[in-house]
$ cat start_36.cif   # mmCIF, C-alpha atoms
data_target
loop_
_atom_site.label_atom_id
_atom_site.label_comp_id
_atom_site.auth_asym_id
_atom_site.auth_seq_id
_atom_site.Cartn_x
_atom_site.Cartn_y
_atom_site.Cartn_z
CA MET A 924 39.51 -49.75 346.70
CA ASN A 925 41.40 -46.93 345.05
CA VAL A 926 39.67 -44.38 342.81
CA LYS A 927 41.78 -42.67 340.16
CA ARG A 928 42.02 -38.97 340.96
CA LYS A 929 43.81 -35.84 339.90
CA PRO A 930 47.05 -35.27 341.85
CA THR A 931 46.75 -33.28 345.06
CA ARG A 932 49.28 -32.67 347.78
CA ALA A 933 49.54 -35.06 350.71
CA VAL A 934 48.00 -34.07 354.03
CA SER A 935 48.66 -36.33 357.02
CA ILE A 936 45.94 -36.77 359.65
CA GLY A 937 47.38 -38.82 362.47
CA ARG A 938 48.43 -42.13 360.95
CA THR A 939 46.49 -41.68 357.68
CA ILE A 940 47.23 -39.56 354.63
CA ILE A 941 44.79 -37.98 352.21
CA GLY A 942 45.72 -36.74 348.76
CA ASP A 943 48.79 -37.51 346.66
CA GLY A 944 47.27 -40.70 345.21
CA HIS A 945 46.48 -42.33 348.55
CA PRO A 946 43.19 -44.30 348.78
CA VAL A 947 40.09 -42.22 349.49
CA VAL A 948 39.52 -42.08 353.25
CA VAL A 949 36.00 -42.58 354.61
CA GLN A 950 35.03 -40.44 357.61
CA SER A 951 32.17 -40.25 360.09
CA MET A 952 31.14 -38.23 363.13
CA CYS A 953 30.14 -39.22 366.65
CA THR A 954 26.52 -38.91 367.78
CA THR A 955 27.29 -39.30 371.49
CA HIS A 956 27.53 -36.28 373.79
CA THR A 957 31.22 -35.40 373.82
CA ARG A 958 31.14 -34.68 377.53
CA ASN A 959 30.35 -38.37 378.06
CA ALA A 960 33.95 -39.46 377.48
CA GLU A 961 33.46 -43.21 377.98
CA GLU A 962 30.51 -43.48 375.62
CA THR A 963 32.17 -41.27 373.01
CA ALA A 964 35.42 -43.25 373.11
CA GLN A 965 33.42 -46.44 372.57
CA GLN A 966 31.66 -45.00 369.54
CA VAL A 967 34.92 -43.67 368.10
CA THR A 968 36.35 -47.19 368.33
CA GLN A 969 33.22 -48.70 366.76
CA LEU A 970 33.33 -46.28 363.84
CA SER A 971 37.05 -46.82 363.38
CA ASN A 972 36.59 -50.60 363.39
CA ALA A 973 33.83 -50.22 360.78
CA GLY A 974 36.30 -48.55 358.42
CA ALA A 975 36.40 -44.85 359.31
CA GLY A 976 39.89 -43.51 358.67
CA VAL A 977 39.05 -40.32 360.59
CA VAL A 978 36.36 -39.81 363.25
CA ARG A 979 35.09 -36.31 364.00
CA ILE A 980 33.96 -35.08 367.42
CA ALA A 981 32.05 -31.86 368.12
CA VAL A 982 33.36 -29.55 370.82
CA ASP A 983 31.10 -26.63 371.72
CA ASN A 984 32.16 -25.71 375.25
CA LYS A 985 34.79 -26.20 377.94
CA ARG A 986 33.01 -29.27 379.30
CA ASP A 987 33.30 -30.97 375.91
CA ALA A 988 36.92 -29.89 375.64
CA ALA A 989 37.75 -31.29 379.06
CA ALA A 990 36.44 -34.71 378.02
CA LEU A 991 38.78 -34.99 375.03
CA GLU A 992 41.79 -36.05 377.08
CA ALA A 993 39.93 -39.11 378.40
CA ILE A 994 38.52 -39.85 374.94
CA ARG A 995 42.03 -39.75 373.44
CA ASP A 996 43.36 -42.03 376.18
CA ASN A 997 40.68 -44.63 375.49
CA CYS A 998 40.71 -44.89 371.70
CA ASP A 999 43.31 -45.24 368.99
CA ALA A 1000 41.53 -43.65 366.02
CA ASN A 1001 42.55 -40.58 364.05
CA LEU A 1002 40.48 -37.81 365.63
CA SER A 1003 39.16 -34.60 364.11
CA VAL A 1004 37.58 -31.90 366.25
CA ASP A 1005 34.74 -29.74 364.98
CA LEU A 1006 34.87 -26.16 366.27
CA GLN A 1007 31.72 -24.13 365.63
CA GLU A 1008 30.78 -21.99 368.62
CA ASN A 1009 34.22 -20.96 369.90
CA TYR A 1010 37.31 -21.17 367.74
CA ARG A 1011 39.54 -20.36 370.73
CA LEU A 1012 38.82 -23.80 372.19
CA ALA A 1013 41.42 -25.03 369.69
CA ALA A 1014 44.08 -24.08 372.22
CA VAL A 1015 42.59 -26.54 374.71
CA VAL A 1016 41.75 -29.46 372.44
CA ALA A 1017 44.49 -29.52 369.79
CA LYS A 1018 46.90 -31.66 371.82
CA HIS A 1019 44.32 -34.45 371.95
CA VAL A 1020 43.35 -34.61 368.24
CA ASP A 1021 44.86 -34.98 364.78
CA LYS A 1022 42.84 -32.44 362.82
CA ILE A 1023 40.95 -29.20 363.49
CA ARG A 1024 37.94 -28.29 361.37
CA TYR A 1025 36.62 -24.74 361.33
CA ASN A 1026 33.82 -23.08 359.37
CA PRO A 1027 34.73 -19.69 357.81
CA GLY A 1028 31.11 -18.57 358.13
CA HIS A 1029 31.01 -19.21 361.86
CA LEU A 1030 34.47 -17.75 362.32
CA TYR A 1031 33.12 -14.51 360.83
CA HIS A 1032 30.60 -14.14 363.68
CA HIS A 1033 33.15 -14.36 366.52
CA GLU A 1034 35.12 -11.28 367.58
CA ARG A 1035 33.90 -9.33 364.56
CA SER A 1036 36.24 -6.42 365.20
CA LYS A 1037 39.23 -8.72 364.80
CA PRO A 1038 40.56 -9.29 361.26
CA VAL A 1039 39.78 -12.76 359.92
CA GLU A 1040 43.49 -13.22 359.15
CA ASP A 1041 44.27 -12.96 362.88
CA LYS A 1042 41.71 -15.62 363.75
CA VAL A 1043 42.98 -17.99 361.07
CA ARG A 1044 46.57 -17.40 362.21
CA PHE A 1045 45.56 -18.29 365.77
CA LEU A 1046 44.16 -21.61 364.53
CA ALA A 1047 47.11 -22.32 362.24
CA ASP A 1048 49.65 -21.61 364.97
CA ILE A 1049 47.81 -23.93 367.37
CA ALA A 1050 47.58 -26.65 364.71
CA ALA A 1051 51.27 -26.40 363.82
CA ALA A 1052 52.36 -26.50 367.45
CA ASN A 1053 50.31 -29.64 368.10
CA ASP A 1054 51.03 -31.58 364.89
CA CYS A 1055 47.45 -31.17 363.61
CA ALA A 1056 46.05 -30.90 360.13
CA MET A 1057 43.18 -28.52 359.42
CA ARG A 1058 40.03 -28.51 357.32
CA VAL A 1059 38.46 -25.34 355.96
CA GLY A 1060 34.82 -26.44 356.03
CA VAL A 1061 32.44 -24.27 354.00
CA ASN A 1062 28.70 -25.04 354.24
CA SER A 1063 26.12 -23.44 351.95
CA GLY A 1064 23.79 -22.63 354.84
CA SER A 1065 26.39 -20.76 356.87
CA VAL A 1066 28.56 -18.89 354.40
CA ASP A 1067 30.41 -15.75 355.49
CA PRO A 1068 27.77 -12.98 355.01
CA ALA A 1069 30.39 -10.66 353.57
CA LYS A 1070 30.89 -13.13 350.72
CA VAL A 1071 27.15 -13.64 350.14
CA ASP A 1072 26.69 -9.89 349.67
CA GLN A 1073 29.22 -9.86 346.82
CA PHE A 1074 27.04 -11.93 344.50
CA ASP A 1075 23.56 -12.16 343.07
CA ALA A 1076 21.00 -13.54 345.53
CA ASN A 1077 20.38 -16.54 343.25
CA ASP A 1078 24.06 -17.50 343.16
CA ALA A 1079 24.59 -20.06 345.92
CA ILE A 1080 27.90 -21.37 344.58
CA SER A 1081 30.21 -18.37 344.14
CA PRO A 1082 30.09 -17.23 347.80
CA MET A 1083 31.09 -20.72 348.94
CA VAL A 1084 33.99 -21.01 346.52
CA THR A 1085 35.17 -17.44 347.14
CA SER A 1086 35.17 -18.00 350.90
CA ALA A 1087 37.17 -21.23 350.57
CA LEU A 1088 39.70 -19.63 348.21
CA GLU A 1089 40.17 -16.66 350.55
CA HIS A 1090 40.94 -18.90 353.51
CA CYS A 1091 43.37 -20.96 351.45
CA GLU A 1092 45.20 -17.78 350.52
CA ILE A 1093 45.37 -16.75 354.17
CA LEU A 1094 46.77 -20.12 355.24
CA ASP A 1095 49.28 -20.09 352.40
CA LYS A 1096 50.52 -16.62 353.39
CA ILE A 1097 50.90 -17.80 356.97
CA GLY A 1098 52.94 -20.74 355.71
CA PHE A 1099 50.53 -23.45 356.84
CA PHE A 1100 49.90 -25.97 354.05
CA ARG A 1101 48.68 -29.02 355.93
CA TYR A 1102 45.02 -28.49 355.18
CA CYS A 1103 42.14 -29.72 353.06
CA VAL A 1104 38.88 -28.03 352.03
CA SER A 1105 35.23 -29.01 351.93
CA LEU A 1106 32.38 -27.29 350.10
CA LYS A 1107 29.10 -28.84 351.17
CA SER A 1108 25.42 -28.31 350.44
CA SER A 1109 22.26 -30.33 350.91
CA ARG A 1110 21.84 -30.23 347.11
CA PRO A 1111 24.08 -32.63 345.17
CA ASP A 1112 24.12 -30.38 342.09
CA ARG A 1113 25.57 -27.53 344.15
CA VAL A 1114 28.14 -29.82 345.75
CA ILE A 1115 29.24 -30.92 342.29
CA GLU A 1116 29.46 -27.40 340.86
CA ALA A 1117 31.20 -25.88 343.90
CA ASN A 1118 33.87 -28.58 344.06
CA LYS A 1119 34.52 -28.40 340.31
CA MET A 1120 34.91 -24.62 340.50
CA PHE A 1121 37.28 -24.84 343.45
CA ALA A 1122 39.34 -27.67 341.93
CA ALA A 1123 39.76 -25.63 338.75
CA GLU A 1124 41.32 -22.80 340.81
CA ARG A 1125 43.30 -24.82 343.36
CA PRO A 1126 43.77 -28.33 341.95
CA GLU A 1127 46.57 -29.16 344.39
CA ILE A 1128 44.45 -28.93 347.54
CA PRO A 1129 42.82 -32.17 348.80
CA LEU A 1130 39.04 -32.07 348.86
CA HIS A 1131 36.76 -33.55 351.51
CA LEU A 1132 33.46 -34.40 349.80
CA GLY A 1133 30.03 -34.52 351.38
CA VAL A 1134 26.37 -33.75 350.84
CA THR A 1135 25.47 -32.17 354.14
CA GLU A 1136 22.05 -32.88 355.62
CA ALA A 1137 21.52 -35.58 353.00
CA GLY A 1138 18.75 -37.05 355.15
CA MET A 1139 17.64 -40.59 355.84
CA PRO A 1140 18.52 -43.72 353.90
CA PRO A 1141 17.93 -44.59 351.15
CA ASP A 1142 17.29 -41.05 349.81
CA GLY A 1143 20.30 -39.61 351.62
CA ILE A 1144 22.58 -42.27 350.16
CA ILE A 1145 21.19 -41.68 346.66
CA LYS A 1146 21.79 -37.92 346.87
CA THR A 1147 25.31 -38.52 348.16
CA ARG A 1148 26.06 -41.09 345.48
CA ILE A 1149 24.99 -38.65 342.75
CA ALA A 1150 27.52 -36.07 343.95
CA PHE A 1151 30.36 -38.49 344.67
CA GLU A 1152 30.14 -40.43 341.42
CA GLN A 1153 30.08 -37.32 339.25
CA LEU A 1154 33.01 -35.79 341.13
CA PHE A 1155 35.00 -39.04 341.13
CA ALA A 1156 34.48 -39.14 337.36
CA GLU A 1157 36.30 -35.78 337.22
CA GLY A 1158 39.14 -37.10 339.40
CA ILE A 1159 37.96 -34.99 342.36
CA GLY A 1160 37.79 -36.14 345.99
CA ASP A 1161 40.36 -37.36 348.52
CA THR A 1162 38.21 -38.09 351.58
CA ILE A 1163 34.44 -38.50 351.97
CA ARG A 1164 31.66 -38.30 354.55
CA VAL A 1165 28.19 -39.70 354.02
CA SER A 1166 25.96 -37.59 356.31
CA LEU A 1167 22.82 -39.52 357.27
CA THR A 1168 20.07 -39.04 359.82
CA LEU A 1169 20.42 -42.24 361.85
CA PRO A 1170 19.90 -43.55 365.39
CA GLN A 1171 23.10 -43.72 367.43
CA ALA A 1172 23.34 -47.50 367.16
CA GLU A 1173 23.25 -47.33 363.34
CA LYS A 1174 25.91 -44.68 362.78
CA HIS A 1175 28.20 -47.25 361.16
CA ARG A 1176 25.82 -47.20 358.16
CA GLU A 1177 27.44 -43.92 357.06
CA ILE A 1178 30.74 -45.76 356.70
CA ASP A 1179 29.13 -48.78 355.06
CA ALA A 1180 27.51 -46.49 352.47
CA GLY A 1181 30.75 -44.64 351.77
CA ILE A 1182 32.70 -47.85 351.32
CA GLU A 1183 30.02 -49.27 349.02
CA ILE A 1184 30.02 -46.15 346.82
CA LEU A 1185 33.81 -46.31 346.52
CA LYS A 1186 33.80 -50.03 345.70
CA ASP A 1187 31.06 -49.61 343.09
CA PHE A 1188 32.81 -46.72 341.38
CA ALA A 1189 36.19 -48.48 341.34
CA ALA A 1190 34.51 -51.53 339.78
CA GLY A 1191 32.69 -49.45 337.17
CA ARG A 1192 29.27 -49.91 338.79
CA VAL A 1193 28.02 -46.33 338.48
CA ARG A 1194 24.45 -46.12 339.73
CA SER A 1195 23.53 -42.42 339.69
CA VAL A 1196 22.11 -42.44 336.17
CA VAL A 1197 19.42 -39.98 337.25
CA ARG A 1198 20.56 -36.47 338.15
CA PHE A 1199 19.25 -34.69 341.22
CA ASP A 1200 16.01 -32.89 340.39
CA PRO A 1201 15.51 -29.72 342.48
CA ASP A 1202 11.96 -29.41 341.08
CA ARG A 1203 10.65 -32.34 343.10
CA LEU A 1204 10.02 -32.81 346.82
CA ASN A 1205 13.31 -32.61 348.70
CA ILE A 1206 13.51 -33.44 352.40
CA ILE A 1207 16.83 -32.57 353.98
CA SER A 1208 17.76 -33.49 357.53
CA CYS A 1209 21.07 -33.06 359.27
CA PRO A 1210 23.20 -35.99 360.40
CA SER A 1211 22.43 -37.02 363.96
CA CYS A 1212 25.61 -35.70 365.59
CA SER A 1213 26.32 -34.95 369.24
CA ARG A 1214 24.74 -31.48 368.96
CA VAL A 1215 21.23 -32.92 368.56
CA GLU A 1216 19.27 -31.55 371.51
CA ASN A 1217 16.46 -34.12 371.46
CA GLU A 1218 16.71 -37.56 369.85
CA ALA A 1219 13.01 -37.23 368.93
CA PHE A 1220 14.41 -35.20 366.02
CA ILE A 1221 15.37 -38.47 364.29
CA ASP A 1222 11.84 -39.86 364.57
CA LEU A 1223 10.43 -36.52 363.42
CA ALA A 1224 12.53 -36.63 360.23
CA ARG A 1225 11.04 -40.04 359.44
CA GLU A 1226 7.52 -38.82 360.21
CA VAL A 1227 7.96 -35.82 357.90
CA LYS A 1228 8.91 -38.19 355.11
CA GLU A 1229 5.77 -40.27 355.75
CA LEU A 1230 3.62 -37.14 355.93
CA THR A 1231 4.73 -36.03 352.48
CA GLU A 1232 4.56 -39.33 350.58
CA ASP A 1233 1.77 -37.92 348.40
CA LEU A 1234 3.79 -34.84 347.39
CA LYS A 1235 6.76 -36.30 345.53
CA ASP A 1236 6.07 -34.20 342.42
CA GLU A 1237 5.81 -30.91 344.32
CA ALA A 1238 8.85 -28.60 344.11
CA ILE A 1239 9.06 -28.13 347.88
CA THR A 1240 12.14 -28.31 350.08
CA ILE A 1241 11.61 -29.16 353.76
CA ALA A 1242 14.53 -28.96 356.18
CA VAL A 1243 14.60 -30.82 359.50
CA MET A 1244 17.51 -29.61 361.66
CA GLY A 1245 18.44 -31.02 365.05
CA CYS A 1246 20.36 -28.29 366.89
CA ARG A 1247 20.94 -24.59 367.46
CA VAL A 1248 24.15 -24.60 365.39
CA ASN A 1249 22.52 -25.75 362.15
CA GLY A 1250 18.90 -24.87 362.90
CA PRO A 1251 18.72 -21.11 362.39
CA GLY A 1252 20.75 -20.72 359.19
CA GLU A 1253 20.44 -24.08 357.49
CA THR A 1254 16.63 -23.84 357.36
CA ASP A 1255 16.57 -20.36 355.78
CA ASP A 1256 16.96 -21.62 352.22
CA ALA A 1257 14.21 -24.22 352.55
CA ASP A 1258 10.58 -23.51 351.73
CA LEU A 1259 9.66 -24.85 355.16
CA GLY A 1260 11.99 -25.61 358.02
CA LEU A 1261 11.83 -27.43 361.34
CA TRP A 1262 14.49 -26.32 363.80
CA CYS A 1263 14.37 -28.82 366.65
CA GLY A 1264 15.20 -27.70 370.19
CA PRO A 1265 15.16 -29.64 373.47
CA ASN A 1266 11.38 -29.38 373.96
CA PHE A 1267 9.93 -27.44 371.04
CA VAL A 1268 10.20 -27.48 367.26
CA ASN A 1269 10.49 -24.09 365.59
CA LEU A 1270 8.47 -24.03 362.37
CA LYS A 1271 9.76 -21.64 359.72
CA LYS A 1272 8.59 -20.52 356.28
CA GLY A 1273 11.76 -19.44 354.57
CA GLU A 1274 13.47 -17.09 357.00
CA GLN A 1275 10.22 -16.25 358.82
CA LYS A 1276 9.27 -18.04 362.04
CA VAL A 1277 5.71 -19.39 362.03
CA GLY A 1278 5.67 -20.64 365.61
CA ALA A 1279 7.08 -23.09 368.14
CA PHE A 1280 5.29 -26.37 368.82
CA ARG A 1281 5.89 -29.47 370.90
CA TYR A 1282 7.16 -32.51 369.06
CA HIS A 1283 3.81 -34.31 369.22
CA GLU A 1284 2.00 -31.20 367.88
CA ILE A 1285 4.18 -30.15 364.97
CA LEU A 1286 3.05 -32.39 362.08
CA PRO A 1287 -0.47 -30.96 361.56
CA HIS A 1288 0.98 -27.44 361.59
CA LEU A 1289 3.62 -28.45 359.05
CA ARG A 1290 1.03 -30.04 356.78
CA ALA A 1291 -1.12 -26.92 356.96
CA GLN A 1292 1.84 -24.81 355.87
CA ILE A 1293 2.60 -27.22 353.02
CA ASP A 1294 -0.99 -27.10 351.75
CA GLU A 1295 -1.04 -23.31 352.06
CA LEU A 1296 2.21 -23.04 350.08
CA ILE A 1297 0.83 -25.25 347.31
CA GLU A 1298 -2.33 -23.12 347.09
CA GLU A 1299 -0.28 -19.91 347.01
CA ARG A 1300 1.71 -21.24 344.07
CA LYS A 1301 -1.42 -22.31 342.20
CA THR A 1302 -2.96 -18.87 342.69
CA SER A 1303 0.22 -17.16 341.58
CA ALA A 1304 0.43 -19.37 338.47
CA ASN A 1305 -3.12 -18.36 337.51
#
$ encode --input "start_36.cif" --output "structure tokens"
Amino acid sequence: MNVKRKPTRAVSIGRTIIGDGHPVVVQSMCTTHTRNAEETAQQVTQLSNAGAGVVRIAVDNKRDAAALEAIRDNCDANLSVDLQENYRLAAVVAKHVDKIRYNPGHLYHHERSKPVEDKVRFLADIAAANDCAMRVGVNSGSVDPAKVDQFDANDAISPMVTSALEHCEILDKIGFFRYCVSLKSSRPDRVIEANKMFAAERPEIPLHLGVTEAGMPPDGIIKTRIAFEQLFAEGIGDTIRVSLTLPQAEKHREIDAGIEILKDFAAGRVRSVVRFDPDRLNIISCPSCSRVENEAFIDLAREVKELTEDLKDEAITIAVMGCRVNGPGETDDADLGLWCGPNFVNLKKGEQKVGAFRYHEILPHLRAQIDELIEERKTSAN
């Protein structure tokens, strides 16, 4: 199941290697609470058995970090750790994992008086000392604000690429080369453009592809397929993640979808004949990872889709986010956003908060905002 790609350097992640002509590696991420070591180890094993070459685990606090030793002892998969809230936890968790992923945008917000080079060096030194690879993971909804300010407000691509290139330069100067890069967005067209731009500048660096917050199947798979197939056609992509909103028991479907896309492309069965159309209804929802604060978020994403069945030709983007990490920033670019907390759903219109409502109350309020937005646009057009 190999896809012909442009040559990139090899990066080892535990017992697997990405880049340098090796087969594309399919990844996934645990939905279990990391602090529940037994349950998480079981899901890691299930995902690995389904075909995941790397399994990612979120670590947000010391309790999560403390569970990693037991998780490592009870599974044999290649593990990646996702550091969002506290990059210094790398010092605690690195000895139990094979790869460290950090987000340059989130790194910006921690210890702001400290130069970013010092923070990256801290991570690189920890990774080198513990035989870990790293991923520089840039997401369109959480780009370093200093990079956003350098470009026109309508340019969503350049800040992402500039941020990724800067961090590559920092790592290179440090002398740490065992890393890959990801540039993700909920819009396939932006994923395609960002990865092409980056690959043109740094063709030797392995790329981790993904459409973040792709949503529920089948729409989420279609959006992901559009991006992957067009990038594969350019010889771009060394490892992939299909990010779907799924119940915990169905998480293996991310891997199934990734494997199917790879098989189809290798066999010449290219299905994404229709390009992503940003001028139609677009529902984005984040993958159901361990940071989800209420599993009702998954049902809500499905209900939002049902609520908007009659609006497919409306150019409206609705974001349904399941946690405090993705909720605030990742909904800002949507016309309407639902940031789901433990007990309440925060309804937003762009960057403005409309109100907070209980899960069973939110849908009528969302529909009212949708109808109001449609009327505003009609009035403006006239």
$ resolve_selection --input "start_36.cif" --expression "the PyMOL selection byres ((chain A and resi 1214) around 12)" --output "PyMOL selection string"
chain A and resi 952-958+980-984+987+1005-1008+1209-1213+1215-1218+1220+1244-1250+1263-1265
$ residues_near_point --input "start_36.cif" --point "(11.8, -26.5, 354.6)" --cutoff "9 Å" --atoms "only C-alpha atoms" --output "number ranges by chain"
A: 1205-1207, 1239-1243, 1254-1261, 1270-1273
$ resolve_selection --input "start_36.cif" --expression "the PyMOL selection byres ((chain A and resi 969) around 10)" --output "list in words"
Cys953, Thr963, Ala964, Gln965, Gln966, Val967, Thr968, Leu970, Ser971, Asn972, Ala973, Gly974, Ala975, Cys998, Ala1000, Ala1172, Lys1174 and His1175 of chain A
$ residues_around --input "start_36.cif" --residues "stretch 931-945 of chain A" --least-positions-apart "2" --cutoff "7 Å" --atoms "all atoms listed in the file" --output "list in words"
Arg928, Lys929, Val947, Val948, Gly976, Asn1001, Asp1021, Lys1022, Ala1056, Arg1101, Tyr1102, Pro1126, Glu1127, Ile1128, Pro1129, Asp1161 and Thr1162 of chain A
$ atom_distance --input "start_36.cif" --atom1 "atom CA of A:Asp1067" --atom2 "atom CA of A:Leu1169"
29.0 Å
$ closest_residue --input "start_36.cif" --among "A:Pro1141, A:Arg1164, A:Val1039, A:Ile1285" --to "A:Val978" --atoms "only C-alpha atoms"
A:Arg1164
$ closest_residue --input "start_36.cif" --among "A:Glu1136, A:Asp1075, A:Glu1157, A:Asp1222" --to "A:Ile1115" --atoms "all atoms listed in the file"
A:Glu1157
$ atom_distance --input "start_36.cif" --atom1 "atom CA of A:Phe1188" --atom2 "atom CA of A:Ala1150"
12.2 Å
$ atom_distance --input "start_36.cif" --atom1 "atom CA of A:Tyr1282" --atom2 "atom CA of A:Ser1065"
25.6 Å
$ closest_residue --input "start_36.cif" --among "A:Ser1105, A:Asn1118, A:Asn1305, A:Thr1085" --to "A:Val1071" --atoms "all atoms listed in the file"
A:Thr1085
$ residues_around --input "start_36.cif" --residues "A:Ala989" --least-positions-apart "3" --cutoff "9 Å" --atoms "all atoms listed in the file" --output "PDB file with C-alpha atoms, in the frame of the given file"
ATOM      1  CA  ARG A 958      31.140 -34.680 377.530  1.00  0.00           C
ATOM      2  CA  ASN A 984      32.160 -25.710 375.250  1.00  0.00           C
ATOM      3  CA  LYS A 985      34.790 -26.200 377.940  1.00  0.00           C
ATOM      4  CA  ARG A 986      33.010 -29.270 379.300  1.00  0.00           C
ATOM      5  CA  GLU A 992      41.790 -36.050 377.080  1.00  0.00           C
ATOM      6  CA  ALA A 993      39.930 -39.110 378.400  1.00  0.00           C
ATOM      7  CA  VAL A1015      42.590 -26.540 374.710  1.00  0.00           C
ATOM      8  CA  VAL A1016      41.750 -29.460 372.440  1.00  0.00           C
TER       9      VAL A1016
END
$ resolve_selection --input "start_36.cif" --expression "the PyMOL selection byres ((chain A and resi 1114) around 10)" --output "NGL selection string"
:A and (1062-1063 or 1080 or 1105-1113 or 1115-1119 or 1132-1135 or 1147 or 1149-1151 or 1154)
$ axis_aligned_box --input "start_36.cif" --around "stretch 1046-1049 of chain A" --padding-each-side "4 Å" --output "lines of an AutoDock Vina configuration file"
center_x = 46.9
center_y = -22.8
center_z = 364.8
size_x = 13.5
size_y = 10.3
size_z = 13.1
$ residues_around --input "start_36.cif" --residues "A:Ala1291" --least-positions-apart "3" --cutoff "12 Å" --atoms "all atoms listed in the file" --output "count of residues only"
15
